[in-house]
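> Data file entry_14.pdb (PDB, C-alpha atoms) is appended below.
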```
ATOM      1  CA  MET A   1    -105.338 192.933 191.776
ATOM      2  CA  ALA A   2    -102.591 190.331 192.366
ATOM      3  CA  ASN A   3    -103.404 186.945 193.849
ATOM      4  CA  ASP A   4    -100.914 184.330 195.162
ATOM      5  CA  ASN A   5    -102.172 180.718 195.194
ATOM      6  CA  ASN A   6    -100.304 177.846 196.846
ATOM      7  CA  LYS A   7    -101.467 175.482 194.117
ATOM      8  CA  HIS A   8    -100.307 176.416 190.609
ATOM      9  CA  GLU A   9    -102.671 175.458 187.876
ATOM     10  CA  ILE A  10    -102.050 174.447 184.264
ATOM     11  CA  ASP A  11    -103.107 176.948 181.624
ATOM     12  CA  GLN A  12    -105.651 175.173 179.392
ATOM     13  CA  VAL A  13    -104.624 177.046 176.228
ATOM     14  CA  THR A  14    -100.827 176.620 176.385
ATOM     15  CA  GLY A  15    -100.521 173.654 178.727
ATOM     16  CA  ILE A  16     -97.928 175.580 180.793
ATOM     17  CA  GLU A  17     -98.016 175.842 184.544
ATOM     18  CA  THR A  18     -98.876 179.278 185.915
ATOM     19  CA  THR A  19     -96.895 181.052 188.632
ATOM     20  CA  GLY A  20     -99.980 181.601 190.733
ATOM     21  CA  HIS A  21     -99.974 185.335 190.073
ATOM     22  CA  GLU A  22    -103.082 186.864 188.597
ATOM     23  CA  TRP A  23    -103.858 190.483 187.679
ATOM     24  CA  ASP A  24    -107.425 191.326 186.747
ATOM     25  CA  GLY A  25    -107.969 187.881 185.271
ATOM     26  CA  LEU A  26    -104.593 187.706 183.527
ATOM     27  CA  LYS A  27    -102.440 184.819 184.756
ATOM     28  CA  GLU A  28     -98.628 184.710 184.505
ATOM     29  CA  LEU A  29     -97.171 181.641 182.809
ATOM     30  CA  ASN A  30     -94.132 180.031 184.383
ATOM     31  CA  ASN A  31     -92.026 180.089 181.181
ATOM     32  CA  PRO A  32     -88.288 179.445 181.616
ATOM     33  CA  ALA A  33     -85.780 182.026 180.313
ATOM     34  CA  PRO A  34     -84.826 181.489 176.645
ATOM     35  CA  ARG A  35     -81.837 179.218 176.204
ATOM     36  CA  TRP A  36     -79.953 181.819 174.126
ATOM     37  CA  TRP A  37     -80.393 184.363 176.935
ATOM     38  CA  LEU A  38     -78.977 181.913 179.483
ATOM     39  CA  TRP A  39     -75.947 181.203 177.302
ATOM     40  CA  VAL A  40     -75.280 184.957 176.904
ATOM     41  CA  PHE A  41     -75.610 185.425 180.651
ATOM     42  CA  TYR A  42     -73.146 182.593 181.340
ATOM     43  CA  ALA A  43     -70.765 184.030 178.716
ATOM     44  CA  THR A  44     -70.733 187.418 180.435
ATOM     45  CA  ILE A  45     -69.808 185.735 183.700
ATOM     46  CA  VAL A  46     -66.934 183.899 182.018
ATOM     47  CA  PHE A  47     -65.819 187.114 180.296
ATOM     48  CA  ALA A  48     -65.862 189.027 183.594
ATOM     49  CA  ILE A  49     -63.719 186.394 185.307
ATOM     50  CA  GLY A  50     -61.295 186.426 182.375
ATOM     51  CA  TYR A  51     -61.151 190.231 182.419
ATOM     52  CA  TRP A  52     -60.331 190.251 186.146
ATOM     53  CA  ALA A  53     -57.450 187.864 185.446
ATOM     54  CA  VAL A  54     -56.012 189.732 182.439
ATOM     55  CA  TYR A  55     -56.569 193.449 183.212
ATOM     56  CA  PRO A  56     -56.393 195.611 186.352
ATOM     57  CA  ALA A  57     -59.673 195.159 188.175
ATOM     58  CA  TRP A  58     -59.601 194.789 191.955
ATOM     59  CA  PRO A  59     -58.441 197.403 194.448
ATOM     60  CA  THR A  60     -55.892 196.378 197.063
ATOM     61  CA  LEU A  61     -54.418 198.061 200.124
ATOM     62  CA  THR A  62     -51.465 199.335 198.098
ATOM     63  CA  GLY A  63     -53.098 199.940 194.725
ATOM     64  CA  PHE A  64     -54.841 197.447 192.473
ATOM     65  CA  THR A  65     -54.330 194.067 190.850
ATOM     66  CA  GLY A  66     -52.234 194.457 187.697
ATOM     67  CA  GLY A  67     -53.591 191.482 185.776
ATOM     68  CA  SER A  68     -51.551 189.149 183.579
ATOM     69  CA  LYS A  69     -51.060 191.871 180.900
ATOM     70  CA  ASN A  70     -50.005 194.476 183.476
ATOM     71  CA  TRP A  71     -51.839 197.067 181.333
ATOM     72  CA  SER A  72     -52.452 200.652 182.409
ATOM     73  CA  GLU A  73     -53.494 203.957 180.835
ATOM     74  CA  TYR A  74     -49.999 205.298 181.551
ATOM     75  CA  SER A  75     -48.312 202.484 179.627
ATOM     76  CA  GLN A  76     -50.767 202.961 176.769
ATOM     77  CA  LEU A  77     -50.022 206.703 176.690
ATOM     78  CA  LYS A  78     -46.280 206.020 176.689
ATOM     79  CA  GLU A  79     -46.737 203.593 173.806
ATOM     80  CA  HIS A  80     -48.731 206.118 171.774
ATOM     81  CA  GLN A  81     -46.190 208.836 172.498
ATOM     82  CA  GLY A  82     -43.474 206.538 171.238
ATOM     83  CA  GLU A  83     -45.412 206.012 168.012
ATOM     84  CA  ILE A  84     -45.779 209.777 167.558
ATOM     85  CA  THR A  85     -42.068 210.314 168.229
ATOM     86  CA  ALA A  86     -41.192 207.656 165.659
ATOM     87  CA  MET A  87     -43.492 209.301 163.107
ATOM     88  CA  ARG A  88     -41.932 212.712 163.772
ATOM     89  CA  ALA A  89     -38.414 211.310 163.462
ATOM     90  CA  LYS A  90     -39.303 210.177 159.958
ATOM     91  CA  TYR A  91     -39.684 213.819 158.880
ATOM     92  CA  GLU A  92     -37.637 215.790 161.401
ATOM     93  CA  ALA A  93     -34.221 215.102 159.885
ATOM     94  CA  ARG A  94     -35.419 216.109 156.409
ATOM     95  CA  PHE A  95     -37.285 219.099 157.806
ATOM     96  CA  THR A  96     -34.338 220.427 159.824
ATOM     97  CA  ALA A  97     -32.027 220.257 156.826
ATOM     98  CA  ALA A  98     -34.470 221.911 154.405
ATOM     99  CA  ASP A  99     -34.896 225.637 153.868
ATOM    100  CA  LEU A 100     -38.301 227.317 153.945
ATOM    101  CA  LYS A 101     -38.751 227.330 150.169
ATOM    102  CA  THR A 102     -37.960 223.620 149.939
ATOM    103  CA  ILE A 103     -40.430 222.868 152.719
ATOM    104  CA  GLN A 104     -43.126 224.924 150.983
ATOM    105  CA  ASN A 105     -42.687 222.909 147.772
ATOM    106  CA  ASP A 106     -42.629 219.490 149.465
ATOM    107  CA  PRO A 107     -46.232 218.392 150.247
ATOM    108  CA  GLU A 108     -45.185 216.010 153.050
ATOM    109  CA  LEU A 109     -42.876 218.470 154.788
ATOM    110  CA  TYR A 110     -45.374 221.286 154.298
ATOM    111  CA  GLU A 111     -48.198 219.395 156.017
ATOM    112  CA  TYR A 112     -45.790 218.285 158.754
ATOM    113  CA  ALA A 113     -44.855 221.933 159.310
ATOM    114  CA  ARG A 114     -48.463 223.154 159.346
ATOM    115  CA  ALA A 115     -49.504 220.493 161.867
ATOM    116  CA  GLY A 116     -46.570 221.221 164.168
ATOM    117  CA  GLY A 117     -46.918 224.978 163.691
ATOM    118  CA  ALA A 118     -50.591 224.900 164.666
ATOM    119  CA  ILE A 119     -49.714 223.243 167.986
ATOM    120  CA  ALA A 120     -46.795 225.606 168.623
ATOM    121  CA  PHE A 121     -49.008 228.604 167.806
ATOM    122  CA  LYS A 122     -51.664 227.606 170.340
ATOM    123  CA  ASN A 123     -48.999 227.004 173.002
ATOM    124  CA  ASN A 124     -46.979 230.173 172.438
ATOM    125  CA  CYS A 125     -48.769 232.756 170.288
ATOM    126  CA  ALA A 126     -52.526 232.434 170.837
ATOM    127  CA  ALA A 127     -52.411 234.300 174.145
ATOM    128  CA  CYS A 128     -51.702 237.533 172.235
ATOM    129  CA  HIS A 129     -52.843 236.899 168.666
ATOM    130  CA  GLY A 130     -55.930 234.832 169.553
ATOM    131  CA  ALA A 131     -56.664 231.146 169.005
ATOM    132  CA  GLY A 132     -57.706 231.896 165.430
ATOM    133  CA  ALA A 133     -54.861 234.411 164.892
ATOM    134  CA  GLN A 134     -57.481 237.143 164.588
ATOM    135  CA  GLY A 135     -55.440 239.516 166.724
ATOM    136  CA  GLY A 136     -56.840 242.266 168.913
ATOM    137  CA  TYR A 137     -56.089 245.744 170.178
ATOM    138  CA  GLY A 138     -52.316 246.123 169.832
ATOM    139  CA  TYR A 139     -51.863 242.595 168.451
ATOM    140  CA  PRO A 140     -51.819 242.156 164.650
ATOM    141  CA  ASN A 141     -54.358 240.023 162.821
ATOM    142  CA  LEU A 142     -52.321 237.326 161.073
ATOM    143  CA  ASN A 143     -55.102 236.267 158.695
ATOM    144  CA  ASP A 144     -55.103 239.410 156.552
ATOM    145  CA  ASP A 145     -52.457 240.748 154.174
ATOM    146  CA  ASP A 146     -51.454 243.755 156.254
ATOM    147  CA  TRP A 147     -47.901 243.210 157.499
ATOM    148  CA  LEU A 148     -45.712 245.587 159.477
ATOM    149  CA  TRP A 149     -42.471 243.735 158.724
ATOM    150  CA  GLY A 150     -43.422 241.772 155.613
ATOM    151  CA  GLY A 151     -45.435 238.648 154.885
ATOM    152  CA  THR A 152     -43.014 236.445 152.968
ATOM    153  CA  LEU A 153     -41.861 233.196 154.562
ATOM    154  CA  ASP A 154     -38.390 234.563 155.275
ATOM    155  CA  GLN A 155     -39.770 237.824 156.716
ATOM    156  CA  ILE A 156     -42.221 236.010 158.987
ATOM    157  CA  TYR A 157     -39.469 233.629 160.111
ATOM    158  CA  THR A 158     -37.176 236.552 160.969
ATOM    159  CA  THR A 159     -39.914 238.356 162.920
ATOM    160  CA  ILE A 160     -40.735 235.245 164.949
ATOM    161  CA  ARG A 161     -37.121 234.365 165.598
ATOM    162  CA  TYR A 162     -35.861 237.786 166.682
ATOM    163  CA  GLY A 163     -39.073 239.515 167.767
ATOM    164  CA  VAL A 164     -39.966 243.203 167.694
ATOM    165  CA  ARG A 165     -38.264 245.578 170.147
ATOM    166  CA  SER A 166     -37.158 242.468 172.033
ATOM    167  CA  THR A 167     -33.972 241.609 173.877
ATOM    168  CA  SER A 168     -32.355 240.079 170.792
ATOM    169  CA  ASP A 169     -29.536 242.110 169.220
ATOM    170  CA  GLN A 170     -31.115 241.330 165.830
ATOM    171  CA  THR A 171     -34.639 242.299 166.781
ATOM    172  CA  ARG A 172     -36.945 244.266 164.528
ATOM    173  CA  ILE A 173     -37.024 247.806 165.810
ATOM    174  CA  SER A 174     -38.741 251.032 164.819
ATOM    175  CA  GLN A 175     -39.637 254.200 166.649
ATOM    176  CA  MET A 176     -42.345 256.659 165.694
ATOM    177  CA  PRO A 177     -41.729 260.175 167.031
ATOM    178  CA  ALA A 178     -44.042 261.352 169.793
ATOM    179  CA  PHE A 179     -45.391 264.346 167.891
ATOM    180  CA  GLY A 180     -47.535 265.518 170.795
ATOM    181  CA  ARG A 181     -45.594 264.503 173.867
ATOM    182  CA  ASP A 182     -42.357 265.999 172.487
ATOM    183  CA  ASP A 183     -44.084 269.108 171.072
ATOM    184  CA  LEU A 184     -43.056 268.311 167.506
ATOM    185  CA  LEU A 185     -46.519 269.268 166.234
ATOM    186  CA  SER A 186     -49.205 271.514 167.666
ATOM    187  CA  ARG A 187     -52.533 270.107 168.782
ATOM    188  CA  GLU A 188     -54.169 271.694 165.730
ATOM    189  CA  GLU A 189     -51.664 270.035 163.380
ATOM    190  CA  ILE A 190     -52.129 266.641 165.052
ATOM    191  CA  GLU A 191     -55.930 266.850 164.722
ATOM    192  CA  ALA A 192     -55.575 267.895 161.087
ATOM    193  CA  VAL A 193     -53.240 265.063 160.119
ATOM    194  CA  ALA A 194     -55.464 262.626 162.041
ATOM    195  CA  GLU A 195     -58.416 263.644 159.841
ATOM    196  CA  TYR A 196     -56.308 263.258 156.705
ATOM    197  CA  VAL A 197     -55.007 259.822 157.728
ATOM    198  CA  GLN A 198     -58.476 258.619 158.755
ATOM    199  CA  LYS A 199     -59.824 259.456 155.290
ATOM    200  CA  MET A 200     -56.846 258.122 153.332
ATOM    201  CA  HIS A 201     -58.551 254.836 152.468
ATOM    202  CA  LEU A 202     -61.394 256.769 150.804
ATOM    203  CA  GLY A 203     -59.080 258.185 148.156
ATOM    204  CA  ASP A 204     -60.763 260.709 145.855
ATOM    205  CA  LYS A 205     -64.088 260.076 147.605
ATOM    206  CA  ALA A 206     -62.840 261.757 150.786
ATOM    207  CA  GLU A 207     -64.452 265.072 151.725
ATOM    208  CA  LYS A 208     -61.608 267.555 151.334
ATOM    209  CA  THR A 209     -62.282 270.038 154.119
ATOM    210  CA  ALA A 210     -59.868 272.802 155.090
ATOM    211  CA  THR A 211     -58.684 270.615 158.003
ATOM    212  CA  TYR A 212     -58.145 267.729 155.584
ATOM    213  CA  GLU A 213     -56.001 269.871 153.295
ATOM    214  CA  LYS A 214     -53.963 271.149 156.222
ATOM    215  CA  GLY A 215     -53.495 267.572 157.429
ATOM    216  CA  LYS A 216     -52.313 266.533 153.978
ATOM    217  CA  GLU A 217     -49.594 269.172 154.143
ATOM    218  CA  VAL A 218     -48.552 268.144 157.671
ATOM    219  CA  TYR A 219     -48.439 264.517 156.547
ATOM    220  CA  ALA A 220     -46.199 265.287 153.579
ATOM    221  CA  ASN A 221     -43.753 267.173 155.799
ATOM    222  CA  ASN A 222     -43.649 264.801 158.758
ATOM    223  CA  CYS A 223     -45.023 261.340 157.951
ATOM    224  CA  ALA A 224     -44.455 260.529 154.258
ATOM    225  CA  SER A 225     -40.781 259.688 154.720
ATOM    226  CA  CYS A 226     -41.743 256.533 156.670
ATOM    227  CA  HIS A 227     -45.343 255.769 155.680
ATOM    228  CA  GLY A 228     -44.972 256.721 152.014
ATOM    229  CA  GLU A 229     -46.445 259.611 150.058
ATOM    230  CA  THR A 230     -49.707 257.738 149.521
ATOM    231  CA  GLY A 231     -49.687 255.878 152.866
ATOM    232  CA  ASP A 232     -48.538 252.498 151.541
ATOM    233  CA  GLY A 233     -46.261 252.017 154.550
ATOM    234  CA  ASN A 234     -42.700 250.698 154.605
ATOM    235  CA  GLN A 235     -42.054 247.141 155.765
ATOM    236  CA  ASP A 236     -38.305 247.740 155.870
ATOM    237  CA  VAL A 237     -38.760 249.983 158.902
ATOM    238  CA  GLY A 238     -42.023 248.547 160.242
ATOM    239  CA  ALA A 239     -44.071 251.611 159.261
ATOM    240  CA  PRO A 240     -47.735 250.534 158.919
ATOM    241  CA  ARG A 241     -49.847 251.082 155.861
ATOM    242  CA  LEU A 242     -52.299 253.940 156.400
ATOM    243  CA  ASN A 243     -54.370 253.975 153.229
ATOM    244  CA  ASP A 244     -56.471 250.955 154.193
ATOM    245  CA  ASP A 245     -59.011 250.636 156.987
ATOM    246  CA  ILE A 246     -56.988 248.275 159.194
ATOM    247  CA  TRP A 247     -55.855 249.729 162.498
ATOM    248  CA  LEU A 248     -53.713 248.144 165.189
ATOM    249  CA  TYR A 249     -54.659 250.621 167.914
ATOM    250  CA  GLY A 250     -58.086 251.763 166.728
ATOM    251  CA  GLY A 251     -59.258 253.756 163.703
ATOM    252  CA  ASP A 252     -61.562 256.301 165.335
ATOM    253  CA  ARG A 253     -60.445 259.930 165.497
ATOM    254  CA  ALA A 254     -59.499 259.884 169.188
ATOM    255  CA  SER A 255     -57.405 256.709 168.791
ATOM    256  CA  ILE A 256     -55.547 258.071 165.773
ATOM    257  CA  ILE A 257     -54.831 261.365 167.561
ATOM    258  CA  ASN A 258     -53.487 259.419 170.532
ATOM    259  CA  SER A 259     -51.274 257.266 168.288
ATOM    260  CA  ILE A 260     -49.778 260.380 166.691
ATOM    261  CA  ALA A 261     -49.323 262.327 169.921
ATOM    262  CA  ASN A 262     -48.195 259.369 172.088
ATOM    263  CA  PRO A 263     -47.168 256.535 169.764
ATOM    264  CA  HIS A 264     -47.311 252.947 170.936
ATOM    265  CA  ALA A 265     -44.249 250.733 170.995
ATOM    266  CA  GLY A 266     -45.501 247.180 171.256
ATOM    267  CA  VAL A 267     -43.066 244.382 172.049
ATOM    268  CA  MET A 268     -43.013 240.897 170.572
ATOM    269  CA  PRO A 269     -40.572 238.586 172.370
ATOM    270  CA  THR A 270     -37.721 236.868 170.622
ATOM    271  CA  TRP A 271     -38.344 233.135 170.352
ATOM    272  CA  GLU A 272     -34.736 232.287 169.606
ATOM    273  CA  GLY A 273     -33.431 230.153 172.444
ATOM    274  CA  ARG A 274     -36.940 229.490 173.716
ATOM    275  CA  LEU A 275     -38.093 227.467 170.712
ATOM    276  CA  SER A 276     -35.978 225.262 168.469
ATOM    277  CA  ASP A 277     -35.186 226.457 164.954
ATOM    278  CA  SER A 278     -37.361 223.618 163.648
ATOM    279  CA  THR A 279     -40.351 224.876 165.674
ATOM    280  CA  ILE A 280     -39.777 228.469 164.516
ATOM    281  CA  LYS A 281     -39.792 227.272 160.899
ATOM    282  CA  GLN A 282     -43.010 225.370 161.560
ATOM    283  CA  LEU A 283     -44.563 228.508 163.036
ATOM    284  CA  ALA A 284     -43.477 230.572 160.033
ATOM    285  CA  ILE A 285     -45.043 228.051 157.629
ATOM    286  CA  TYR A 286     -48.254 227.904 159.682
ATOM    287  CA  VAL A 287     -48.676 231.681 159.985
ATOM    288  CA  HIS A 288     -47.885 232.101 156.282
ATOM    289  CA  SER A 289     -50.565 229.530 155.426
ATOM    290  CA  LEU A 290     -53.328 231.347 157.312
ATOM    291  CA  GLY A 291     -54.177 233.361 154.214
ATOM    292  CA  GLY A 292     -52.252 236.574 154.539
ATOM    293  CA  GLY A 293     -48.768 235.336 153.645
ATOM    294  CA  LYS A 294     -47.155 236.497 150.424
TER     295      LYS A 294
END
```
Using structure tokens, write down the structure that the file contains.


Amino acid sequence: MANDNNKHEIDQVTGIETTGHEWDGLKELNNPAPRWWLWVFYATIVFAIGYWAVYPAWPTLTGFTGGSKNWSEYSQLKEHQGEITAMRAKYEARFTAADLKTIQNDPELYEYARAGGAIAFKNNCAACHGAGAQGGYGYPNLNDDDWLWGGTLDQIYTTIRYGVRSTSDQTRISQMPAFGRDDLLSREEIEAVAEYVQKMHLGDKAEKTATYEKGKEVYANNCASCHGETGDGNQDVGAPRLNDDIWLYGGDRASIINSIANPHAGVMPTWEGRLSDSTIKQLAIYVHSLGGGK
């Protein structure tokens, strides 16, 4: 219970005056604040006044006080952007003049390209290929070693620059016949070749049913000229490899049948004219470095 007394007494043990407050027999001594604490408190007051004078601090009717340094987050951002631009200029001239092989063999230019390519990829490519370039239905995974148009630096650069089935007159272009829609194969033949293609990656371990054998014959007569006799694909014409277990439009039986009967014709835009040649080279280096480049 607290007790306020008008007359403060002197504590007999310490010789210090009490405040007159008492709680259950415990009396509060009237000790002054430590000197070091007072000096810190005064220093914070001085610092605050100095801060108000040097930096923006007080709101006004038209904005805020600018302070003697006239500092702002916008000016700081502009300064940092200038530093980044100066750093880029150090490499950009060398980078623009160098070919892809030279860049790959120059550690400084290579890291410059990878850093710039990563930013360009997120801004322009991630919407389709995914933030981690993992791809998705109809969009190739760029981390593996399965390439429709080739995985060398020059091949990747060409694909990015001109696109696939794009508006560029130098675009990559291929066309798989619509074996079902155009009645080039019967339904029975399409189902047979779908079974054969689905089991291709199994090699000699595949169960060789009568449908499988029929599909093998249909494949040899209609598909081998583009995809290869053993399904290795042909990057010169964009024909995918079929003897692995990587599928752009699904590897289940129904999806394969649909791809044969009504083939897909995905479009990748040309980036020429939309991105600088320097940025396209950076993208090529970055995509090549993801692990699947040759």

> I want to know what sits within 10 Å of stretch 139-150 of chain A, based on all atoms listed in the file, with residues of the same chain fewer than 6 positions away left out; could you give that as a ChimeraX atom specification?

/A:128-130,132-133,156,158-159,164,172-173,233-241,244,246-249,266-268,287-294

> Taking the file as shown, find all residues satisfying the PyMOL selection byres ((chain A and resi 278) around 12) and write them as a ChimeraX atom specification.

/A:88,91-100,103,109,112-114,116-117,120,157,161,271-277,279-285

> Near A:Val197, within 9 Å and counting all atoms listed in the file, which residues show up once chain neighbours fewer than 6 positions away are dropped, as number ranges by chain?

A: 212, 215-216, 219, 231, 242-243, 256

> Enter the distance from atom CA of A:Glu17 to atom CA of A:Pro32, in Å, rounded to one decimal.

10.8 Å

> Calculated over all atoms listed in the file, which of the candidates A:Thr152, A:Ile190, A:Tyr162, A:Thr85 has the smallest distance to A:Gln104?

A:Thr152

> Looking at only C-alpha atoms, which of A:Ala254, A:Leu153, A:Leu185, A:Ile45 is the one that sits closest to A:Thr102?

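Of A:Ala254, A:Leu153, A:Leu185, A:Ile45, the one nearest A:Thr102, counting only C-alpha atoms, is A:Leu153.
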
> Counting all atoms listed in the file, which residue out of A:Gln81, A:Ile49, A:Ala127, A:Asp154 sits closest to A:Gly67?

A:Ile49
